[in-house]
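Raw contents of work.txt, compact mmCIF, C-alpha atoms and all ligand atoms:
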# COMPACT_ATOMS: atom_id res chain seq x y z
CA MET A 8 -18.43 -20.55 9.22
CA LEU A 9 -16.03 -23.54 9.35
CA ASP A 10 -12.25 -23.06 9.22
CA GLY A 11 -10.97 -22.42 5.72
CA MET A 12 -14.40 -22.38 4.11
CA ASP A 13 -15.07 -18.79 3.13
CA PRO A 14 -14.90 -18.37 -0.65
CA ARG A 15 -15.60 -14.60 -0.62
CA PRO A 16 -12.85 -12.29 -1.88
CA VAL A 17 -10.58 -9.96 0.03
CA GLY A 18 -10.98 -6.30 -0.98
CA MET A 19 -7.98 -4.03 -1.44
CA PHE A 20 -7.68 -0.46 -2.62
CA ASP A 21 -5.30 2.36 -3.42
CA SER A 22 -5.22 5.47 -5.60
CA GLY A 23 -3.53 3.39 -8.31
CA VAL A 24 -0.89 0.67 -8.68
CA GLY A 25 0.77 1.28 -5.29
CA GLY A 26 -1.36 -1.17 -3.34
CA LEU A 27 -0.27 -3.94 -5.67
CA SER A 28 2.95 -3.95 -3.63
CA VAL A 29 0.78 -5.23 -0.76
CA PHE A 30 -1.15 -7.54 -3.08
CA ARG A 31 2.03 -9.27 -4.35
CA GLU A 32 3.01 -10.11 -0.75
CA PHE A 33 -0.52 -11.17 0.13
CA ARG A 34 -0.73 -13.47 -2.89
CA ARG A 35 2.59 -15.06 -1.95
CA LEU A 36 1.37 -15.73 1.62
CA ALA A 37 -2.23 -16.67 0.76
CA PRO A 38 -2.25 -18.01 -2.80
CA ARG A 39 -5.76 -19.46 -2.49
CA GLU A 40 -7.46 -16.15 -1.74
CA ARG A 41 -9.31 -14.19 -4.42
CA THR A 42 -8.64 -10.44 -4.32
CA VAL A 43 -10.82 -7.66 -5.69
CA TYR A 44 -8.47 -4.71 -6.14
CA PHE A 45 -9.91 -1.22 -6.64
CA ALA A 46 -7.50 1.23 -8.28
CA ASP A 47 -8.90 4.73 -7.93
CA THR A 48 -6.90 6.17 -10.79
CA ALA A 49 -9.59 8.74 -11.64
CA TYR A 50 -8.61 10.44 -8.37
CA PHE A 51 -4.86 9.74 -8.45
CA PRO A 52 -2.83 11.11 -6.71
CA TYR A 53 -4.35 11.08 -3.22
CA GLY A 54 -1.22 12.50 -1.55
CA PRO A 55 -1.85 16.23 -2.11
CA ARG A 56 -5.65 16.04 -1.74
CA ASP A 57 -7.67 17.32 1.16
CA PRO A 58 -8.14 14.50 3.75
CA GLY A 59 -11.94 14.99 3.59
CA GLU A 60 -11.90 14.23 -0.13
CA VAL A 61 -9.74 11.13 0.35
CA ARG A 62 -12.10 10.00 3.12
CA LYS A 63 -15.08 10.32 0.78
CA ARG A 64 -13.33 8.21 -1.85
CA ALA A 65 -12.41 5.60 0.79
CA PHE A 66 -16.05 5.33 1.87
CA ALA A 67 -17.34 5.02 -1.69
CA ILE A 68 -14.74 2.35 -2.50
CA ALA A 69 -15.42 0.43 0.70
CA HIS A 70 -19.12 0.33 -0.23
CA ARG A 71 -18.21 -0.96 -3.69
CA LEU A 72 -15.95 -3.68 -2.24
CA VAL A 73 -18.58 -4.75 0.28
CA ASP A 74 -21.06 -4.98 -2.61
CA ALA A 75 -18.53 -7.21 -4.37
CA GLY A 76 -18.70 -9.51 -1.31
CA ALA A 77 -15.44 -8.53 0.42
CA LYS A 78 -14.90 -10.44 3.67
CA LEU A 79 -12.00 -8.20 4.75
CA ILE A 80 -10.64 -4.96 3.28
CA VAL A 81 -7.00 -3.93 3.11
CA VAL A 82 -6.54 -0.17 2.78
CA ALA A 83 -3.38 -0.63 0.72
CA CYS A 84 -2.61 3.08 0.77
CA ASN A 85 -0.95 5.07 3.55
CA THR A 86 -2.70 8.32 2.59
CA ALA A 87 -6.17 6.74 2.68
CA SER A 88 -5.32 4.91 5.92
CA ALA A 89 -4.32 8.23 7.48
CA ALA A 90 -7.51 9.92 6.29
CA ALA A 91 -10.09 7.21 6.81
CA VAL A 92 -9.24 3.87 8.41
CA ALA A 93 -10.51 4.78 11.90
CA ASP A 94 -13.86 6.00 10.48
CA LEU A 95 -14.18 3.02 8.14
CA ARG A 96 -13.87 0.70 11.13
CA GLN A 97 -16.67 2.58 12.86
CA LEU A 98 -19.02 2.50 9.90
CA PHE A 99 -18.61 -0.93 8.34
CA GLU A 100 -18.91 -4.36 9.85
CA VAL A 101 -16.23 -5.86 7.64
CA PRO A 102 -12.72 -5.89 9.24
CA PHE A 103 -10.10 -3.45 7.87
CA VAL A 104 -6.32 -3.66 7.75
CA GLY A 105 -4.56 -0.32 7.24
CA MET A 106 -1.03 0.92 6.60
CA VAL A 107 1.19 2.73 9.10
CA PRO A 108 4.79 3.74 8.21
CA ALA A 109 7.33 1.39 9.83
CA VAL A 110 8.68 3.99 12.28
CA LYS A 111 8.92 1.54 15.18
CA PRO A 112 11.17 -1.11 13.58
CA ALA A 113 13.20 1.59 11.82
CA ALA A 114 13.91 3.51 15.04
CA ARG A 115 14.96 0.26 16.71
CA ALA A 116 17.17 -0.95 13.86
CA SER A 117 18.97 2.32 13.07
CA ARG A 118 22.63 2.29 14.01
CA SER A 119 23.14 5.98 13.33
CA GLY A 120 20.02 7.00 15.25
CA ARG A 121 18.73 8.82 12.18
CA VAL A 122 15.86 7.63 9.99
CA ALA A 123 14.29 9.11 6.85
CA ILE A 124 10.56 8.63 6.31
CA LEU A 125 9.43 9.02 2.71
CA ALA A 126 5.67 9.65 2.39
CA THR A 127 2.98 11.85 0.88
CA PRO A 128 1.82 15.15 2.46
CA GLY A 129 -1.51 13.49 3.37
CA THR A 130 0.25 10.78 5.37
CA PHE A 131 2.49 13.23 7.25
CA ASP A 132 -0.49 15.42 8.13
CA GLY A 133 -2.58 12.58 9.60
CA ASP A 134 -2.97 11.67 13.28
CA LEU A 135 -1.91 8.09 12.57
CA TYR A 136 1.58 9.24 11.61
CA SER A 137 1.89 11.61 14.60
CA SER A 138 0.79 8.88 16.97
CA VAL A 139 3.42 6.36 15.78
CA VAL A 140 6.11 9.03 15.87
CA ASP A 141 5.07 10.04 19.39
CA GLU A 142 5.08 6.45 20.51
CA PHE A 143 8.08 4.98 18.69
CA GLY A 144 10.10 7.86 17.26
CA LYS A 145 11.85 8.84 20.49
CA ASP A 146 14.85 6.60 19.89
CA ALA A 147 15.82 8.16 16.58
CA ALA A 148 15.94 11.53 14.85
CA ILE A 149 13.41 11.51 12.04
CA ASP A 150 13.69 13.29 8.71
CA ARG A 151 10.35 13.72 6.99
CA VAL A 152 10.78 13.57 3.23
CA VAL A 153 7.81 14.40 1.01
CA GLY A 154 8.09 12.31 -2.14
CA HIS A 155 7.29 14.88 -4.81
CA ASP A 156 6.31 13.20 -8.10
CA LEU A 157 7.56 9.76 -7.01
CA ALA A 158 4.10 8.14 -6.98
CA GLU A 159 3.51 9.62 -10.45
CA LEU A 160 6.62 7.86 -11.78
CA VAL A 161 5.49 4.54 -10.31
CA GLU A 162 1.99 4.97 -11.69
CA LEU A 163 3.55 5.03 -15.16
CA GLY A 164 5.66 1.97 -14.37
CA ASP A 165 8.75 4.15 -14.45
CA VAL A 166 10.65 2.37 -11.67
CA ASP A 167 13.78 1.03 -13.28
CA THR A 168 14.88 4.02 -15.31
CA PRO A 169 17.39 6.90 -15.07
CA ALA A 170 14.44 9.21 -14.25
CA ALA A 171 13.46 7.06 -11.26
CA ARG A 172 17.08 6.92 -10.05
CA GLU A 173 17.39 10.69 -10.40
CA ALA A 174 14.13 11.26 -8.50
CA VAL A 175 15.09 9.07 -5.53
CA ARG A 176 18.55 10.64 -5.48
CA ALA A 177 17.02 14.12 -5.34
CA ALA A 178 14.61 13.12 -2.55
CA LEU A 179 17.05 11.24 -0.32
CA ALA A 180 20.56 12.64 -0.89
CA GLY A 181 20.11 15.26 1.87
CA PRO A 182 18.87 12.95 4.65
CA VAL A 183 21.45 10.26 3.75
CA ALA A 184 24.26 12.85 3.81
CA ASN A 185 22.95 13.86 7.25
CA GLY A 186 23.43 10.31 8.49
CA ALA A 187 20.11 8.51 7.91
CA ASP A 188 20.88 4.79 7.57
CA ILE A 189 17.27 3.61 7.13
CA VAL A 190 14.66 4.82 4.67
CA VAL A 191 11.07 4.00 5.61
CA LEU A 192 8.69 3.72 2.67
CA GLY A 193 5.52 5.43 3.88
CA CYS A 194 3.61 5.10 0.62
CA THR A 195 2.71 1.85 -1.10
CA HIS A 196 3.78 3.21 -4.49
CA TYR A 197 7.33 3.73 -3.20
CA GLU A 198 7.80 0.01 -2.51
CA PHE A 199 8.35 -0.38 -6.23
CA LEU A 200 11.21 2.13 -6.00
CA ALA A 201 13.10 0.07 -3.40
CA PRO A 202 15.52 -1.36 -6.03
CA ALA A 203 16.28 2.15 -7.30
CA ILE A 204 16.90 3.38 -3.73
CA ASN A 205 19.13 0.39 -2.99
CA ALA A 206 21.11 1.05 -6.15
CA GLU A 207 21.55 4.76 -5.38
CA PHE A 208 22.30 4.36 -1.69
CA PRO A 209 23.88 0.92 -1.15
CA GLY A 210 24.70 1.54 2.52
CA VAL A 211 21.14 2.36 3.47
CA SER A 212 18.42 -0.14 4.48
CA VAL A 213 14.98 0.26 2.96
CA LEU A 214 12.00 -0.66 5.11
CA GLY A 215 8.56 -1.13 3.61
CA THR A 216 5.24 -2.17 5.06
CA GLY A 217 3.82 -4.39 2.29
CA GLU A 218 4.93 -7.67 3.83
CA PRO A 219 3.87 -6.99 7.45
CA VAL A 220 0.49 -5.69 6.30
CA ALA A 221 -0.09 -8.76 4.13
CA ARG A 222 0.88 -10.90 7.13
CA ARG A 223 -1.58 -9.04 9.33
CA ALA A 224 -4.36 -9.62 6.78
CA CYS A 225 -3.58 -13.37 6.75
CA ALA A 226 -3.53 -13.52 10.56
CA LEU A 227 -6.90 -11.78 10.73
CA LEU A 228 -8.42 -14.12 8.14
CA ALA A 229 -7.29 -17.08 10.24
CA GLU A 230 -8.40 -15.53 13.52
CA LEU A 231 -11.88 -14.72 12.20
CA ASP A 232 -12.35 -18.03 10.34
CA LEU A 233 -12.47 -16.26 7.01
CA GLU A 234 -9.86 -18.24 5.09
CA ALA A 235 -10.57 -19.57 1.60
CA PRO A 236 -11.45 -23.26 1.16
CA PRO A 237 -8.50 -25.65 0.71
CA ASP A 238 -9.32 -26.27 -2.95
CA ALA A 239 -9.86 -22.59 -3.87
CA GLU A 240 -7.84 -21.03 -6.66
CA GLY A 241 -6.56 -17.52 -6.09
CA ALA A 242 -7.39 -14.76 -8.55
CA LEU A 243 -7.10 -11.03 -9.02
CA ASP A 244 -10.17 -9.06 -10.12
CA LEU A 245 -9.47 -5.46 -10.98
CA ILE A 246 -11.76 -2.45 -10.77
CA VAL A 247 -10.20 0.70 -12.22
CA SER A 248 -12.03 4.02 -11.84
CA GLY A 249 -9.95 5.76 -14.53
CA ASN A 250 -8.23 4.50 -17.68
CA ARG A 251 -8.17 0.71 -17.42
CA GLU A 252 -5.99 0.21 -20.50
CA ALA A 253 -3.27 2.51 -19.14
CA PHE A 254 -3.41 0.73 -15.78
CA LEU A 255 -2.99 -2.70 -17.39
CA GLN A 256 -0.05 -1.46 -19.44
CA THR A 257 1.80 -0.51 -16.26
CA LEU A 258 1.49 -3.96 -14.63
CA PRO A 259 4.29 -5.77 -16.55
CA LYS A 260 6.63 -2.84 -15.82
CA LEU A 261 6.11 -3.50 -12.10
CA GLY A 262 7.06 -7.15 -12.35
CA PHE A 263 3.60 -8.65 -12.88
CA ALA A 264 3.70 -11.31 -15.59
CA PRO A 265 1.81 -10.49 -18.81
CA ARG A 266 -0.39 -13.51 -18.05
CA GLU A 267 -1.50 -11.95 -14.77
CA ALA A 268 -2.25 -8.67 -16.49
CA ALA A 269 -4.32 -10.56 -19.06
CA GLU A 270 -6.17 -12.51 -16.37
CA ALA A 271 -6.90 -9.31 -14.49
CA GLN A 272 -8.33 -7.87 -17.67
CA SER A 273 -11.05 -10.47 -17.98
N1 LIG B 1 -0.13 4.81 -2.62
C1 LIG B 1 -0.55 5.93 -1.84
C2 LIG B 1 -0.01 5.83 -0.41
O1 LIG B 1 0.34 4.78 0.06
C3 LIG B 1 -0.33 7.33 -2.31
C4 LIG B 1 -0.07 7.70 -3.70
C5 LIG B 1 -0.89 8.92 -4.04
O2 LIG B 1 -0.44 10.05 -3.76
O3 LIG B 1 -1.98 8.70 -4.58
O4 LIG B 1 0.04 6.82 0.28
Starting from the file, lay out its structure as structure tokens.
Amino acid sequence: MLDGMDPRPVGMFDSGVGGLSVFREFRRLAPRERTVYFADTAYFPYGPRDPGEVRKRAFAIAHRLVDAGAKLIVVACNTASAAAVADLRQLFEVPFVGMVPAVKPAARASRSGRVAILATPGTFDGDLYSSVVDEFGKDAAIDRVVGHDLAELVELGDVDTPAAREAVRAALAGPVANGADIVVLGCTHYEFLAPAINAEFPGVSVLGTGEPVARRACALLAELDLEAPPDAEGALDLIVSGNREAFLQTLPKLGFAPREAAEAQS
């Protein structure tokens, strides 16, 4: 394959809208790439599910994305990355990019030496999380905060409302009062709550993983000669396992233009 000559799409998946926080960064960095995004809303939320069940869904979705021609797959979900990314890499030939909470940069950047990690139970229970904490969490005290019902709010597009503000306040008031000066978003849904967290806790920095993961996907495309042709036009194709209409209605509430929602519908 010649440089910049691979017209196949990039695959991306999540339990719902959360992974679109990775997609919006990826589209900004690689506007010529076509993305097939699988939203597994029939099985939302992944967070409280048994890891074996999430792994099964990840395998089924990866098969579907490979059938759609995916040249690289971004597991745009921390819970699915924790449950399945190592096994996916073993089983499929296509390269995978997964999510890991940004413990390393947070521990380095914290001035107070205290960091709050906001994630789902599935992410906290996985080996991936324990390994980054073992490796990079020594320099800071870490508060694990399970985000009860936060992904559900985002799935409804409820990100800029009093309910969203109240929910982030309830989740983070304790750790912030204890001195945490950085909140790590360990779930792709929570990236959409960053403005609400900033508004509630102005002195706290919010660290997500959407941008670095999108950057990693671009680097891998370049490294493996998988980039789209120079004249390609980017696009978003959506596959929704649950209620497609409801999914499309959420998109404008998350900052996606109505035109993009309409395009994704076709
Ligand atoms: N977006 C998913 C993640 O990054 C989780 C949301 C869910 O519980 O389904 O972990």
Counting all atoms listed in the file, find the residues whose atoms lie at most 10 Å from (-8.9, -1.4, -4.0) (file coordinates) and write them out as a VMD selection string. chain A and resid 17 to 24 26 to 27 30 42 to 47 65 68 to 69 71 to 72 80 to 84 244 to 247
Export, as a short mmCIF file (atom, residue, chain, number, x, y, z; two decimals), in the coordinates of the input, the selected residues with C-alpha atoms.
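This went into out_28.cif:
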data_model
loop_
_atom_site.label_atom_id
_atom_site.label_comp_id
_atom_site.auth_asym_id
_atom_site.auth_seq_id
_atom_site.Cartn_x
_atom_site.Cartn_y
_atom_site.Cartn_z
CA VAL A 17 -10.58 -9.96 0.03
CA GLY A 18 -10.98 -6.30 -0.98
CA MET A 19 -7.98 -4.03 -1.44
CA PHE A 20 -7.68 -0.46 -2.62
CA ASP A 21 -5.30 2.36 -3.42
CA SER A 22 -5.22 5.47 -5.60
CA GLY A 23 -3.53 3.39 -8.31
CA VAL A 24 -0.89 0.67 -8.68
CA GLY A 26 -1.36 -1.17 -3.34
CA LEU A 27 -0.27 -3.94 -5.67
CA PHE A 30 -1.15 -7.54 -3.08
CA THR A 42 -8.64 -10.44 -4.32
CA VAL A 43 -10.82 -7.66 -5.69
CA TYR A 44 -8.47 -4.71 -6.14
CA PHE A 45 -9.91 -1.22 -6.64
CA ALA A 46 -7.50 1.23 -8.28
CA ASP A 47 -8.90 4.73 -7.93
CA ALA A 65 -12.41 5.60 0.79
CA ILE A 68 -14.74 2.35 -2.50
CA ALA A 69 -15.42 0.43 0.70
CA ARG A 71 -18.21 -0.96 -3.69
CA LEU A 72 -15.95 -3.68 -2.24
CA ILE A 80 -10.64 -4.96 3.28
CA VAL A 81 -7.00 -3.93 3.11
CA VAL A 82 -6.54 -0.17 2.78
CA ALA A 83 -3.38 -0.63 0.72
CA CYS A 84 -2.61 3.08 0.77
CA ASP A 244 -10.17 -9.06 -10.12
CA LEU A 245 -9.47 -5.46 -10.98
CA ILE A 246 -11.76 -2.45 -10.77
CA VAL A 247 -10.20 0.70 -12.22
#
Give me, as JSON lines, the closest atom pair and its distance (Å, one decimal) for every residue of chain A within a cut-off of 9 Å of ligand LIG 1 (chain B), counting all atoms listed in the file, rows sorted by chain and rising number.
{"residue": "A:Asp21", "atom": "CA", "partner": "B:LIG1", "partner_atom": "N1", "distance": 5.8}
{"residue": "A:Ser22", "atom": "CA", "partner": "B:LIG1", "partner_atom": "O3", "distance": 4.7}
{"residue": "A:Gly23", "atom": "CA", "partner": "B:LIG1", "partner_atom": "O3", "distance": 6.7}
{"residue": "A:Val24", "atom": "CA", "partner": "B:LIG1", "partner_atom": "N1", "distance": 7.4}
{"residue": "A:Gly25", "atom": "CA", "partner": "B:LIG1", "partner_atom": "N1", "distance": 4.5}
{"residue": "A:Gly26", "atom": "CA", "partner": "B:LIG1", "partner_atom": "N1", "distance": 6.1}
{"residue": "A:Asp47", "atom": "CA", "partner": "B:LIG1", "partner_atom": "O3", "distance": 8.7}
{"residue": "A:Thr48", "atom": "CA", "partner": "B:LIG1", "partner_atom": "O3", "distance": 8.3}
{"residue": "A:Tyr50", "atom": "CA", "partner": "B:LIG1", "partner_atom": "O3", "distance": 7.8}
{"residue": "A:Phe51", "atom": "CA", "partner": "B:LIG1", "partner_atom": "O3", "distance": 4.9}
{"residue": "A:Pro52", "atom": "CA", "partner": "B:LIG1", "partner_atom": "O3", "distance": 3.3}
{"residue": "A:Tyr53", "atom": "CA", "partner": "B:LIG1", "partner_atom": "O3", "distance": 3.6}
{"residue": "A:Gly54", "atom": "CA", "partner": "B:LIG1", "partner_atom": "O2", "distance": 3.4}
{"residue": "A:Pro55", "atom": "CA", "partner": "B:LIG1", "partner_atom": "O2", "distance": 6.6}
{"residue": "A:Arg56", "atom": "CA", "partner": "B:LIG1", "partner_atom": "O2", "distance": 8.2}
{"residue": "A:Val82", "atom": "CA", "partner": "B:LIG1", "partner_atom": "O1", "distance": 8.9}
{"residue": "A:Ala83", "atom": "CA", "partner": "B:LIG1", "partner_atom": "O1", "distance": 6.6}
{"residue": "A:Cys84", "atom": "CA", "partner": "B:LIG1", "partner_atom": "O1", "distance": 3.5}
{"residue": "A:Asn85", "atom": "CA", "partner": "B:LIG1", "partner_atom": "O1", "distance": 3.7}
{"residue": "A:Thr86", "atom": "CA", "partner": "B:LIG1", "partner_atom": "O4", "distance": 3.9}
{"residue": "A:Ala87", "atom": "CA", "partner": "B:LIG1", "partner_atom": "O4", "distance": 6.7}
{"residue": "A:Ser88", "atom": "CA", "partner": "B:LIG1", "partner_atom": "O4", "distance": 8.0}
{"residue": "A:Ala89", "atom": "CA", "partner": "B:LIG1", "partner_atom": "O4", "distance": 8.5}
{"residue": "A:Met106", "atom": "CA", "partner": "B:LIG1", "partner_atom": "O1", "distance": 7.7}
{"residue": "A:Ala126", "atom": "CA", "partner": "B:LIG1", "partner_atom": "O4", "distance": 6.6}
{"residue": "A:Thr127", "atom": "CA", "partner": "B:LIG1", "partner_atom": "O4", "distance": 5.9}
{"residue": "A:Pro128", "atom": "CA", "partner": "B:LIG1", "partner_atom": "O2", "distance": 8.4}
{"residue": "A:Gly129", "atom": "CA", "partner": "B:LIG1", "partner_atom": "O4", "distance": 7.5}
{"residue": "A:Thr130", "atom": "CA", "partner": "B:LIG1", "partner_atom": "O4", "distance": 6.5}
{"residue": "A:Gly154", "atom": "CA", "partner": "B:LIG1", "partner_atom": "O2", "distance": 9.0}
{"residue": "A:Asp156", "atom": "CA", "partner": "B:LIG1", "partner_atom": "O2", "distance": 8.6}
{"residue": "A:Leu157", "atom": "CA", "partner": "B:LIG1", "partner_atom": "C4", "distance": 8.6}
{"residue": "A:Ala158", "atom": "CA", "partner": "B:LIG1", "partner_atom": "C4", "distance": 5.3}
{"residue": "A:Glu159", "atom": "CA", "partner": "B:LIG1", "partner_atom": "O2", "distance": 7.8}
{"residue": "A:Glu162", "atom": "CA", "partner": "B:LIG1", "partner_atom": "C4", "distance": 8.7}
{"residue": "A:Leu192", "atom": "CA", "partner": "B:LIG1", "partner_atom": "O1", "distance": 8.8}
{"residue": "A:Gly193", "atom": "CA", "partner": "B:LIG1", "partner_atom": "O1", "distance": 6.5}
{"residue": "A:Cys194", "atom": "CA", "partner": "B:LIG1", "partner_atom": "O1", "distance": 3.3}
{"residue": "A:Thr195", "atom": "CA", "partner": "B:LIG1", "partner_atom": "O1", "distance": 3.9}
{"residue": "A:His196", "atom": "CA", "partner": "B:LIG1", "partner_atom": "N1", "distance": 4.6}
{"residue": "A:Tyr197", "atom": "CA", "partner": "B:LIG1", "partner_atom": "N1", "distance": 7.6}
Leu261 in chain A: which residues within 8 Å, counting only C-alpha atoms, same-chain residues fewer than 6 positions away excluded, as a PyMOL selection string? chain A and resi 164+166+199
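Among the candidate residues A:Thr168, A:Gln97, A:Ser119, A:Asn250, the one lying nearest to Ala206 in chain A is A:Thr168, with distances computed using all atoms listed in the file.
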Excluding Ala239 in chain A and its own-chain neighbours fewer than 2 positions away, which residues fall within 9 Å of it when counting all atoms listed in the file? Please give them as a VMD selection string. chain A and resid 14 38 to 41 235 to 237 241
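With all atoms listed in the file as the basis for measurement, A:Ala221 is the residue among A:Leu135, A:Ala221, A:Val183, A:Ala203 that approaches Leu36 in chain A most closely.
Among the candidates A:Val220, A:Leu228, A:Val107, A:Val92, the one nearest to Lys63 in chain A when counting only C-alpha atoms is A:Val92.
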Find the residues near Pro209 in chain A: any atom within 12 Å, counting all atoms listed in the file, skip ones fewer than 2 places away on the same chain, and give them as a PDB file with C-alpha atoms, keeping the file's coordinate frame.
ATOM      1  CA  ARG A 176      18.550  10.640  -5.480  1.00  0.00           C
ATOM      2  CA  VAL A 183      21.450  10.260   3.750  1.00  0.00           C
ATOM      3  CA  ASP A 188      20.880   4.790   7.570  1.00  0.00           C
ATOM      4  CA  ILE A 189      17.270   3.610   7.130  1.00  0.00           C
ATOM      5  CA  VAL A 190      14.660   4.820   4.670  1.00  0.00           C
ATOM      6  CA  ALA A 201      13.100   0.070  -3.400  1.00  0.00           C
ATOM      7  CA  PRO A 202      15.520  -1.360  -6.030  1.00  0.00           C
ATOM      8  CA  ALA A 203      16.280   2.150  -7.300  1.00  0.00           C
ATOM      9  CA  ILE A 204      16.900   3.380  -3.730  1.00  0.00           C
ATOM     10  CA  ASN A 205      19.130   0.390  -2.990  1.00  0.00           C
ATOM     11  CA  ALA A 206      21.110   1.050  -6.150  1.00  0.00           C
ATOM     12  CA  GLU A 207      21.550   4.760  -5.380  1.00  0.00           C
ATOM     13  CA  VAL A 211      21.140   2.360   3.470  1.00  0.00           C
ATOM     14  CA  SER A 212      18.420  -0.140   4.480  1.00  0.00           C
ATOM     15  CA  VAL A 213      14.980   0.260   2.960  1.00  0.00           C
TER      16      VAL A 213
END
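Residues with any atom within 9 Å of Gly186 in chain A, counting only C-alpha atoms and excluding same-chain neighbours fewer than 5 positions away, are Ser119, Gly120, Arg121, Val122 and Gly181 of chain A.
In this structure, CA of Leu79 in chain A sits 6.0 Å away from CA of Phe103 in chain A.
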Counting only C-alpha atoms, closest pick from A:Val110, A:Asn185, A:Ser137, A:Ala90 relative to Glu60 in chain A is A:Ala90
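The space between CA of Gln256 in chain A and CA of Arg31 in chain A spans 17.1 Å.
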